[in-house]
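The next block is protein_37.csv, given as CSV, C-alpha atoms.
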```
chain,number,residue,atom,x,y,z
A,1,MET,CA,82.7,71.3,12.8
A,2,LYS,CA,84.6,69.0,15.1
A,3,ARG,CA,82.0,66.3,14.4
A,4,ILE,CA,82.5,66.7,10.6
A,5,VAL,CA,86.2,66.4,10.9
A,6,PHE,CA,85.8,63.3,13.1
A,7,LEU,CA,83.4,61.7,10.6
A,8,LEU,CA,85.8,62.5,7.7
A,9,ALA,CA,88.7,61.0,9.6
A,10,LEU,CA,86.5,57.9,10.3
A,11,SER,CA,85.5,57.4,6.7
A,12,PHE,CA,89.1,57.7,5.7
A,13,LEU,CA,90.0,55.0,8.1
A,14,VAL,CA,87.2,52.7,6.9
A,15,VAL,CA,88.3,53.2,3.3
A,16,GLY,CA,91.8,52.4,4.5
A,17,VAL,CA,90.7,49.1,6.1
A,18,GLY,CA,88.7,48.2,3.0
A,19,ALA,CA,91.8,48.7,0.8
A,20,ALA,CA,93.9,46.6,3.2
A,21,THR,CA,91.6,43.6,2.9
A,22,ALA,CA,92.1,43.8,-0.8
A,23,GLN,CA,95.9,43.8,-0.6
A,24,THR,CA,98.4,43.0,2.1
A,25,MET,CA,101.2,45.5,3.0
A,26,SER,CA,104.9,44.7,3.3
A,27,TYR,CA,105.8,43.9,6.9
A,28,ALA,CA,107.9,47.1,7.0
A,29,ASP,CA,105.0,49.3,5.8
A,30,ALA,CA,102.5,47.6,8.1
A,31,ILE,CA,104.6,47.8,11.3
A,32,SER,CA,105.7,51.4,10.7
A,33,GLN,CA,102.0,52.4,10.2
A,34,LEU,CA,101.4,51.0,13.6
A,35,ALA,CA,104.4,52.8,15.1
A,36,ASP,CA,103.2,56.1,13.6
A,37,ALA,CA,99.5,55.8,14.3
A,38,CYS,CA,100.0,54.6,17.9
A,39,LYS,CA,103.1,56.6,18.8
A,40,SER,CA,101.6,58.4,21.7
A,41,ASP,CA,99.5,55.5,22.9
A,42,LEU,CA,102.5,53.2,22.8
A,43,ALA,CA,104.5,55.7,24.9
A,44,LYS,CA,101.7,56.1,27.3
A,45,TYR,CA,100.4,52.5,27.8
A,46,CYS,CA,103.0,50.1,26.4
A,47,LYS,CA,106.3,51.7,27.2
A,48,GLY,CA,109.0,49.1,27.6
A,49,VAL,CA,106.8,46.3,26.2
A,50,PRO,CA,108.7,44.4,23.5
A,51,LEU,CA,107.5,44.1,19.9
A,52,GLY,CA,105.9,40.6,19.8
A,53,PRO,CA,103.1,38.7,21.6
A,54,ARG,CA,103.4,41.0,24.7
A,55,LEU,CA,102.8,44.1,22.7
A,56,LYS,CA,99.7,42.5,21.2
A,57,ALA,CA,98.6,41.7,24.8
A,58,CYS,CA,99.3,45.3,25.8
A,59,PHE,CA,97.1,46.6,23.0
A,60,ASN,CA,94.3,44.3,24.0
A,61,ALA,CA,94.5,45.3,27.7
A,62,ASN,CA,94.5,49.0,27.0
A,63,GLN,CA,92.5,49.3,23.8
A,64,ALA,CA,89.6,51.2,25.5
A,65,MET,CA,92.0,54.0,26.4
A,66,MET,CA,93.7,54.2,23.0
A,67,SER,CA,92.8,56.7,20.3
A,68,PRO,CA,90.4,55.5,17.6
A,69,GLN,CA,93.0,56.1,15.0
A,70,CYS,CA,95.5,53.8,16.8
A,71,GLN,CA,92.8,51.1,17.3
A,72,GLN,CA,91.8,51.1,13.7
A,73,THR,CA,95.3,51.1,12.4
A,74,ARG,CA,96.3,48.3,14.7
A,75,ALA,CA,93.4,46.1,13.6
A,76,MET,CA,94.3,46.7,10.0
A,77,VAL,CA,98.0,46.2,10.5
A,78,TYR,CA,97.8,42.9,12.4
A,79,ALA,CA,95.3,41.6,9.9
A,80,SER,CA,97.6,42.4,7.0
A,81,ILE,CA,100.6,40.9,8.7
A,82,ALA,CA,98.7,37.7,9.6
A,83,ARG,CA,97.3,37.4,6.1
A,84,ARG,CA,100.6,37.9,4.3
A,85,ALA,CA,102.3,35.4,6.7
A,86,ALA,CA,99.5,32.8,6.0
A,87,ALA,CA,99.8,33.3,2.2
A,88,GLN,CA,103.6,32.9,2.3
A,89,ARG,CA,103.2,29.8,4.4
A,90,ASP,CA,100.4,28.2,2.4
A,91,ILE,CA,101.1,29.2,-1.2
A,92,GLY,CA,102.4,25.8,-2.0
A,93,ASP,CA,99.2,24.1,-1.0
A,94,ILE,CA,96.8,26.8,-2.4
A,95,CYS,CA,98.6,26.9,-5.7
A,96,SER,CA,99.6,23.2,-6.1
A,97,ALA,CA,97.4,22.6,-9.1
A,98,ASP,CA,98.4,25.8,-10.8
A,99,ILE,CA,102.1,25.1,-10.1
A,100,ASN,CA,101.8,21.6,-11.6
A,101,ARG,CA,99.9,23.0,-14.6
A,102,LEU,CA,102.0,26.2,-15.2
A,103,CYS,CA,105.4,25.5,-13.8
A,104,GLY,CA,105.8,21.7,-14.0
A,105,THR,CA,107.1,21.4,-10.5
A,106,SER,CA,105.8,21.0,-7.0
A,107,HIS,CA,108.7,22.4,-5.1
A,108,ALA,CA,107.8,25.4,-2.9
A,109,ASP,CA,111.1,27.1,-3.6
A,110,ALA,CA,112.5,30.2,-5.3
A,111,HIS,CA,112.1,28.7,-8.8
A,112,LEU,CA,108.5,28.3,-8.2
A,113,VAL,CA,108.1,32.0,-7.4
A,114,GLU,CA,110.1,32.9,-10.5
A,115,CYS,CA,107.7,30.9,-12.4
A,116,LEU,CA,104.6,32.4,-10.8
A,117,VAL,CA,105.9,35.9,-11.3
A,118,SER,CA,106.3,35.1,-15.0
A,119,VAL,CA,102.8,33.7,-15.4
A,120,SER,CA,100.0,36.1,-16.3
A,121,PRO,CA,97.6,36.5,-13.4
A,122,VAL,CA,94.7,35.6,-15.7
A,123,ALA,CA,96.2,32.1,-16.3
A,124,MET,CA,96.1,31.4,-12.6
A,125,SER,CA,93.1,30.1,-10.7
A,126,PRO,CA,91.5,33.0,-8.7
A,127,ALA,CA,92.4,31.5,-5.4
A,128,CYS,CA,96.0,31.0,-6.3
A,129,ASN,CA,96.2,34.5,-7.8
A,130,GLN,CA,94.8,36.0,-4.6
A,131,ALA,CA,97.2,34.0,-2.4
A,132,PHE,CA,100.1,35.0,-4.6
A,133,ASN,CA,99.1,38.7,-4.4
A,134,ASP,CA,98.8,38.3,-0.6
A,135,THR,CA,102.4,37.0,-0.4
A,136,GLY,CA,103.6,40.4,-1.7
A,137,TRP,CA,106.3,38.5,-3.7
A,138,ARG,CA,105.5,40.3,-6.9
A,139,THR,CA,106.4,43.7,-5.3
A,140,GLU,CA,109.3,42.2,-3.4
A,141,ARG,CA,110.7,40.8,-6.6
A,142,ALA,CA,110.5,44.3,-8.2
A,143,ARG,CA,112.4,45.8,-5.2
A,144,GLN,CA,115.4,43.5,-5.7
B,1,MET,CA,115.1,84.6,22.4
B,2,LYS,CA,114.4,86.6,19.3
B,3,PRO,CA,112.1,85.0,16.7
B,4,HIS,CA,114.8,84.3,14.1
B,5,HIS,CA,116.8,82.4,16.8
B,6,ILE,CA,113.8,80.2,17.3
B,7,SER,CA,113.4,79.5,13.7
B,8,ALA,CA,117.1,78.7,13.4
B,9,VAL,CA,116.6,76.1,16.2
B,10,CYS,CA,113.5,74.8,14.5
B,11,ALA,CA,115.4,74.4,11.3
B,12,LEU,CA,118.2,72.5,13.1
B,13,ILE,CA,115.7,70.1,14.7
B,14,LEU,CA,113.9,69.7,11.3
B,15,THR,CA,117.2,68.9,9.6
B,16,SER,CA,118.1,66.2,12.1
B,17,ALA,CA,114.6,64.8,12.0
B,18,LEU,CA,114.8,64.7,8.2
B,19,THR,CA,118.2,62.9,8.3
B,20,ALA,CA,116.7,60.3,10.6
B,21,ALA,CA,113.8,59.8,8.2
B,22,VAL,CA,116.1,59.4,5.2
B,23,ALA,CA,118.2,56.9,7.1
B,24,GLN,CA,115.1,54.9,7.9
B,25,GLN,CA,113.9,55.0,4.3
B,26,GLN,CA,117.2,53.6,3.1
B,27,ILE,CA,116.4,50.2,4.6
B,28,ASN,CA,115.1,48.4,1.6
B,29,SER,CA,114.1,44.8,1.9
B,30,GLY,CA,115.1,44.2,-1.8
B,31,GLN,CA,118.7,45.3,-1.2
B,32,MET,CA,118.8,43.3,2.0
B,33,THR,CA,117.5,40.2,0.1
B,34,ASN,CA,120.2,40.6,-2.5
B,35,SER,CA,122.9,41.0,0.0
B,36,LEU,CA,121.8,38.0,1.9
B,37,ALA,CA,121.3,35.9,-1.2
B,38,GLY,CA,124.8,36.4,-2.7
B,39,VAL,CA,125.7,33.0,-1.3
B,40,SER,CA,128.4,30.5,-2.0
B,41,ASN,CA,127.6,26.9,-1.3
B,42,THR,CA,129.4,27.1,2.0
B,43,GLN,CA,128.0,26.1,5.4
B,44,LEU,CA,129.2,27.8,8.5
B,45,SER,CA,130.6,25.2,10.8
B,46,LEU,CA,130.4,27.5,13.8
B,47,SER,CA,127.5,27.5,16.3
B,48,GLY,CA,126.1,30.4,18.1
B,49,ALA,CA,127.3,28.9,21.4
B,50,GLN,CA,130.9,28.6,20.0
B,51,MET,CA,130.8,32.3,19.0
B,52,ARG,CA,129.6,33.4,22.4
B,53,GLN,CA,132.3,31.3,24.0
B,54,ALA,CA,134.9,32.9,21.7
B,55,ALA,CA,133.7,36.4,22.7
B,56,LEU,CA,134.1,35.5,26.4
B,57,ASP,CA,137.5,34.0,25.7
B,58,ASN,CA,138.5,37.2,24.0
B,59,ILE,CA,137.7,39.1,27.3
B,60,ARG,CA,139.8,36.6,29.3
B,61,ASP,CA,142.7,36.5,26.8
B,62,TYR,CA,142.8,40.2,26.0
B,63,PRO,CA,141.7,42.1,29.1
B,64,GLY,CA,141.1,45.9,29.1
B,65,ALA,CA,138.3,48.4,29.2
B,66,ILE,CA,138.2,48.4,25.4
B,67,PRO,CA,139.1,45.2,23.5
B,68,PRO,CA,142.8,45.5,22.6
B,69,HIS,CA,142.3,42.6,20.1
B,70,PRO,CA,139.2,42.4,18.0
B,71,LEU,CA,137.4,39.1,17.9
B,72,SER,CA,137.3,37.7,14.3
B,73,PHE,CA,135.7,34.8,12.6
B,74,PRO,CA,137.5,34.2,9.3
B,75,GLN,CA,135.0,31.5,8.5
B,76,MET,CA,132.4,34.2,8.2
B,77,ALA,CA,134.2,36.5,5.9
B,78,ASN,CA,132.8,35.0,2.7
B,79,LEU,CA,129.3,34.6,3.9
B,80,ALA,CA,126.5,36.8,2.6
B,81,GLN,CA,125.5,39.3,5.2
B,82,PHE,CA,123.9,42.6,5.9
B,83,VAL,CA,124.3,45.2,8.7
B,84,VAL,CA,121.4,47.3,10.0
B,85,GLU,CA,120.9,49.7,12.9
B,86,VAL,CA,118.2,48.9,15.3
B,87,ASP,CA,117.5,51.4,18.2
B,88,PHE,CA,116.8,50.0,21.6
B,89,ASP,CA,115.7,51.7,24.8
B,90,PHE,CA,118.8,52.7,26.9
B,91,ASN,CA,120.4,49.7,28.6
B,92,SER,CA,117.4,47.6,27.6
B,93,ALA,CA,116.5,44.9,25.0
B,94,VAL,CA,113.3,46.7,24.1
B,95,ILE,CA,113.2,47.8,20.4
B,96,LYS,CA,112.2,51.4,19.9
B,97,PRO,CA,109.0,51.9,17.8
B,98,SER,CA,111.2,54.1,15.5
B,99,SER,CA,113.0,50.9,14.5
B,100,TYR,CA,109.9,48.8,14.0
B,101,ARG,CA,110.1,49.5,10.3
B,102,THR,CA,113.7,48.1,10.1
B,103,VAL,CA,112.6,44.8,11.8
B,104,GLY,CA,109.7,44.6,9.4
B,105,ALA,CA,112.1,45.1,6.5
B,106,ILE,CA,114.3,42.2,7.8
B,107,ALA,CA,111.1,40.1,7.9
B,108,ASP,CA,110.3,41.1,4.3
B,109,ALA,CA,113.7,40.0,3.2
B,110,LEU,CA,113.8,36.7,5.2
B,111,HIS,CA,110.4,35.8,3.7
B,112,ASN,CA,111.6,36.2,0.2
B,113,PRO,CA,111.5,32.8,-1.5
B,114,ILE,CA,115.2,33.3,-2.6
B,115,LEU,CA,116.2,33.1,1.0
B,116,LEU,CA,113.7,30.4,1.9
B,117,SER,CA,115.5,27.3,3.3
B,118,TYR,CA,118.6,29.2,4.5
B,119,GLY,CA,119.6,29.6,8.1
B,120,PHE,CA,120.6,33.0,9.6
B,121,LEU,CA,122.6,34.4,12.5
B,122,VAL,CA,121.2,37.5,14.1
B,123,ILE,CA,124.2,39.0,15.7
B,124,GLY,CA,124.0,41.9,18.2
B,125,HIS,CA,126.9,44.3,18.7
B,126,THR,CA,127.2,47.1,21.2
B,127,ASP,CA,129.5,50.1,21.5
B,128,SER,CA,132.1,50.3,24.3
B,129,VAL,CA,129.9,52.0,26.9
B,130,GLY,CA,129.5,49.6,29.8
B,131,GLY,CA,131.5,46.5,30.9
B,132,ARG,CA,132.6,44.0,28.2
B,133,ALA,CA,131.0,41.0,29.8
B,134,TYR,CA,127.8,42.9,30.5
B,135,ASN,CA,127.7,44.0,26.9
B,136,ILE,CA,127.8,40.5,25.7
B,137,GLY,CA,124.7,39.8,27.8
B,138,LEU,CA,123.0,42.9,26.6
B,139,SER,CA,123.7,42.3,23.0
B,140,GLN,CA,122.5,38.7,23.4
B,141,ARG,CA,119.2,39.9,24.8
B,142,ARG,CA,118.9,42.4,22.0
B,143,ALA,CA,119.6,39.9,19.3
B,144,GLU,CA,117.0,37.6,20.9
B,145,ALA,CA,114.5,40.4,21.0
B,146,ILE,CA,114.9,40.9,17.2
B,147,ARG,CA,114.7,37.1,16.6
B,148,ASP,CA,111.5,36.9,18.7
B,149,ALA,CA,109.8,39.8,16.8
B,150,LEU,CA,110.8,38.2,13.5
B,151,ILE,CA,109.0,35.0,14.7
B,152,ASP,CA,106.0,36.7,16.1
B,153,PRO,CA,104.3,38.8,14.7
B,154,PHE,CA,106.2,38.4,11.4
B,155,GLY,CA,106.0,34.6,11.1
B,156,VAL,CA,109.6,33.8,10.2
B,157,ASN,CA,110.4,30.1,10.8
B,158,PRO,CA,112.0,29.9,14.2
B,159,GLY,CA,114.2,27.0,13.0
B,160,VAL,CA,116.2,29.2,10.6
B,161,LEU,CA,117.2,31.9,13.2
B,162,GLU,CA,119.9,31.9,15.8
B,163,ALA,CA,120.6,34.9,18.0
B,164,VAL,CA,124.1,35.7,19.2
B,165,GLY,CA,125.4,38.7,21.2
B,166,LEU,CA,129.1,39.6,20.8
B,167,GLY,CA,129.0,42.7,22.9
B,168,GLU,CA,131.8,45.2,22.0
B,169,GLU,CA,134.2,42.4,20.9
B,170,GLN,CA,133.9,43.4,17.3
B,171,LEU,CA,133.8,47.2,17.2
B,172,ARG,CA,133.1,48.5,13.7
B,173,ASP,CA,135.0,51.7,14.4
B,174,PRO,CA,137.7,50.8,17.0
B,175,ALA,CA,139.1,54.4,16.7
B,176,HIS,CA,135.7,55.7,18.0
B,177,PRO,CA,134.6,52.9,20.3
B,178,THR,CA,131.6,54.8,21.7
B,179,SER,CA,130.3,55.9,18.3
B,180,GLY,CA,126.8,54.8,17.3
B,181,VAL,CA,128.1,52.9,14.2
B,182,ASN,CA,129.3,50.2,16.6
B,183,ARG,CA,125.7,49.6,17.8
B,184,ARG,CA,124.4,47.3,15.0
B,185,VAL,CA,122.7,44.1,14.1
B,186,GLN,CA,124.4,41.8,11.6
B,187,LEU,CA,122.5,39.2,9.7
B,188,VAL,CA,124.5,36.4,8.3
B,189,ASN,CA,123.4,33.7,5.9
B,190,VAL,CA,124.9,30.5,7.3
B,191,GLY,CA,123.9,28.3,4.4
B,192,LYS,CA,121.1,25.8,3.6
B,193,LYS,CA,119.1,24.8,6.6
B,194,TYR,CA,116.1,23.1,4.9
B,195,CYS,CA,116.1,21.0,1.8
B,196,PHE,CA,113.1,19.9,-0.3
B,197,GLY,CA,112.2,16.3,-1.3
B,198,ARG,CA,110.9,15.3,-4.7
B,199,SER,CA,107.3,16.0,-3.7
B,200,GLY,CA,108.0,19.3,-2.0
B,201,GLU,CA,108.4,18.1,1.6
B,202,GLN,CA,110.7,20.1,3.8
B,203,PHE,CA,113.4,18.5,5.9
B,204,LEU,CA,116.7,19.5,7.6
B,205,CYS,CA,119.6,19.4,5.2
B,206,GLN,CA,122.3,16.9,6.1
```
Using structure tokens, write down the structure from this file.
Amino acid sequence: MKRIVFLLALSFLVVGVGAATAQTMSYADAISQLADACKSDLAKYCKGVPLGPRLKACFNANQAMMSPQCQQTRAMVYASIARRAAAQRDIGDICSADINRLCGTSHADAHLVECLVSVSPVAMSPACNQAFNDTGWRTERARQ
Amino acid sequence: MKPHHISAVCALILTSALTAAVAQQQINSGQMTNSLAGVSNTQLSLSGAQMRQAALDNIRDYPGAIPPHPLSFPQMANLAQFVVEVDFDFNSAVIKPSSYRTVGAIADALHNPILLSYGFLVIGHTDSVGGRAYNIGLSQRRAEAIRDALIDPFGVNPGVLEAVGLGEEQLRDPAHPTSGVNRRVQLVNVGKKYCFGRSGEQFLCQ
């Protein structure tokens, strides 16, 4: 029975990771999933370690001891954060042709995003659409 | 203890846990973005170093266990800003995991394209527990801890962030100087930091 529960939990996590690669999470959602899934491991192995590069190093140093749930969540969370940050940084390059064609500007500023939000995803090149999804700016725009 | 006493205690704990959860959920990156974006075309002509010095001068000029005269920066009154609570370990600059979400939400807001190209002050404030000069140092380290987390892992451009600690020199509730509402982080939009050239290149605004 325990084994079944474990397998169920594992498959849940794998599905979770699969979903995360399809779409990035907000930074708030991502980091709070980490805080929740790793609560006891953080208190046990990384108490007093500041959020930032040193926390990442602490995870790496202690991962063998940490719960499988924490390890899985942590991999997914850091991947999502890195992917969103990269998309937000590189969107101007990835979408430059789309921006010229659809928005008539090459400035990587707020107007550009207003334009991309207004454009239908099917009008965008697949790479640009994927990068724009990864930025999370559609959902952030809806939150404002 | 009789069973109904235990359940009463449980209910009490649950209620406070629930309140904490609701308070956390109220941090909305969209609201934060809007508050930080409502900007006039003003530039703050006040550096972090000048603010720190003003806080130290305030201790020298108005001595006392609790600041008899609050430090004020009239130049900042009209700037777009937002105040959040971030919990730290006691007497430490380590952000509690329960506040990770808040720091993530700040990152979500600062990455919003509307706020792209603006500079921000991350100002740390303490309550009146502890010495005033010590609190300036503690709040400085706390503001820096938030700035550092925004930069890594959240990828905020280091060039747009400046951390400042003002200790207890600007109590939010001077009538209750030890109250938790005094412990806070203030984000202030200090105006355009980066401008864009005709072909999209980024440079420091003059």
Quick one: which chain A residues come within 8 Å of chain B, and what is the nearest atom pair for each with the distance in Å to one decimal, counting all atoms listed in the file, rows ordered by chain and ascending number, as CSV?
```
residue,atom,partner,partner_atom,distance
A:Ser26,CA,B:Asp108,CA,6.6
A:Tyr27,CA,B:Gly104,CA,4.7
A:Ala28,CA,B:Gly104,CA,3.9
A:Asp29,CA,B:Arg101,CA,6.8
A:Ala30,CA,B:Gly104,CA,7.9
A:Ile31,CA,B:Arg101,CA,5.8
A:Ser32,CA,B:Arg101,CA,4.8
A:Ala35,CA,B:Pro97,CA,5.4
A:Lys39,CA,B:Pro97,CA,7.6
A:Gly48,CA,B:Val94,CA,6.0
A:Val49,CA,B:Val94,CA,6.8
A:Pro50,CA,B:Val94,CA,5.2
A:Leu51,CA,B:Ala149,CA,5.8
A:Gly52,CA,B:Ala149,CA,5.0
A:Pro53,CA,B:Asp152,CA,6.5
A:Ile81,CA,B:Phe154,CA,6.7
A:Ala82,CA,B:Pro153,CA,7.7
A:Ala85,CA,B:Gly155,CA,5.8
A:Gln88,CA,B:His111,CA,7.5
A:Ser106,CA,B:Gly200,CA,5.7
A:His107,CA,B:Gly200,CA,4.4
A:Ala108,CA,B:Gly200,CA,6.2
A:Asp109,CA,B:Pro113,CA,6.1
A:Ala110,CA,B:Pro113,CA,4.7
A:Val113,CA,B:Pro113,CA,6.9
A:Trp137,CA,B:Asn112,CA,7.0
A:Glu140,CA,B:Gly30,CA,6.3
A:Arg141,CA,B:Gly30,CA,7.3
A:Ala142,CA,B:Gly30,CA,7.9
A:Arg143,CA,B:Gly30,CA,4.6
A:Gln144,CA,B:Gly30,CA,4.0
```
Just write the chosen residues, C-alpha atoms, as a compact mmCIF listing (two decimals), in the frame of the given file.
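See again_3.txt below for the written result:
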```txt
# COMPACT_ATOMS: atom_id res chain seq x y z
CA SER A 26 104.90 44.70 3.30
CA TYR A 27 105.80 43.90 6.90
CA ALA A 28 107.90 47.10 7.00
CA ASP A 29 105.00 49.30 5.80
CA ALA A 30 102.50 47.60 8.10
CA ILE A 31 104.60 47.80 11.30
CA SER A 32 105.70 51.40 10.70
CA ALA A 35 104.40 52.80 15.10
CA LYS A 39 103.10 56.60 18.80
CA GLY A 48 109.00 49.10 27.60
CA VAL A 49 106.80 46.30 26.20
CA PRO A 50 108.70 44.40 23.50
CA LEU A 51 107.50 44.10 19.90
CA GLY A 52 105.90 40.60 19.80
CA PRO A 53 103.10 38.70 21.60
CA ILE A 81 100.60 40.90 8.70
CA ALA A 82 98.70 37.70 9.60
CA ALA A 85 102.30 35.40 6.70
CA GLN A 88 103.60 32.90 2.30
CA SER A 106 105.80 21.00 -7.00
CA HIS A 107 108.70 22.40 -5.10
CA ALA A 108 107.80 25.40 -2.90
CA ASP A 109 111.10 27.10 -3.60
CA ALA A 110 112.50 30.20 -5.30
CA VAL A 113 108.10 32.00 -7.40
CA TRP A 137 106.30 38.50 -3.70
CA GLU A 140 109.30 42.20 -3.40
CA ARG A 141 110.70 40.80 -6.60
CA ALA A 142 110.50 44.30 -8.20
CA ARG A 143 112.40 45.80 -5.20
CA GLN A 144 115.40 43.50 -5.70
```
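For the set B:Arg132, B:Arg141, B:Arg172, B:Lys193, the residue with the smallest atom-to-atom gap to Pro63 (chain B) is B:Arg132, counting all atoms listed in the file.
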*What separation in Å, quoted to one decimal, exists between CA of Val83 (chain B) and CA of Gln170 (chain B)?*
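Separation of CA of Val83 (chain B) and CA of Gln170 (chain B): 13.0 Å.
Take CA of Cys38 (chain A) and CA of Met76 (chain A): the distance between them is 12.5 Å.
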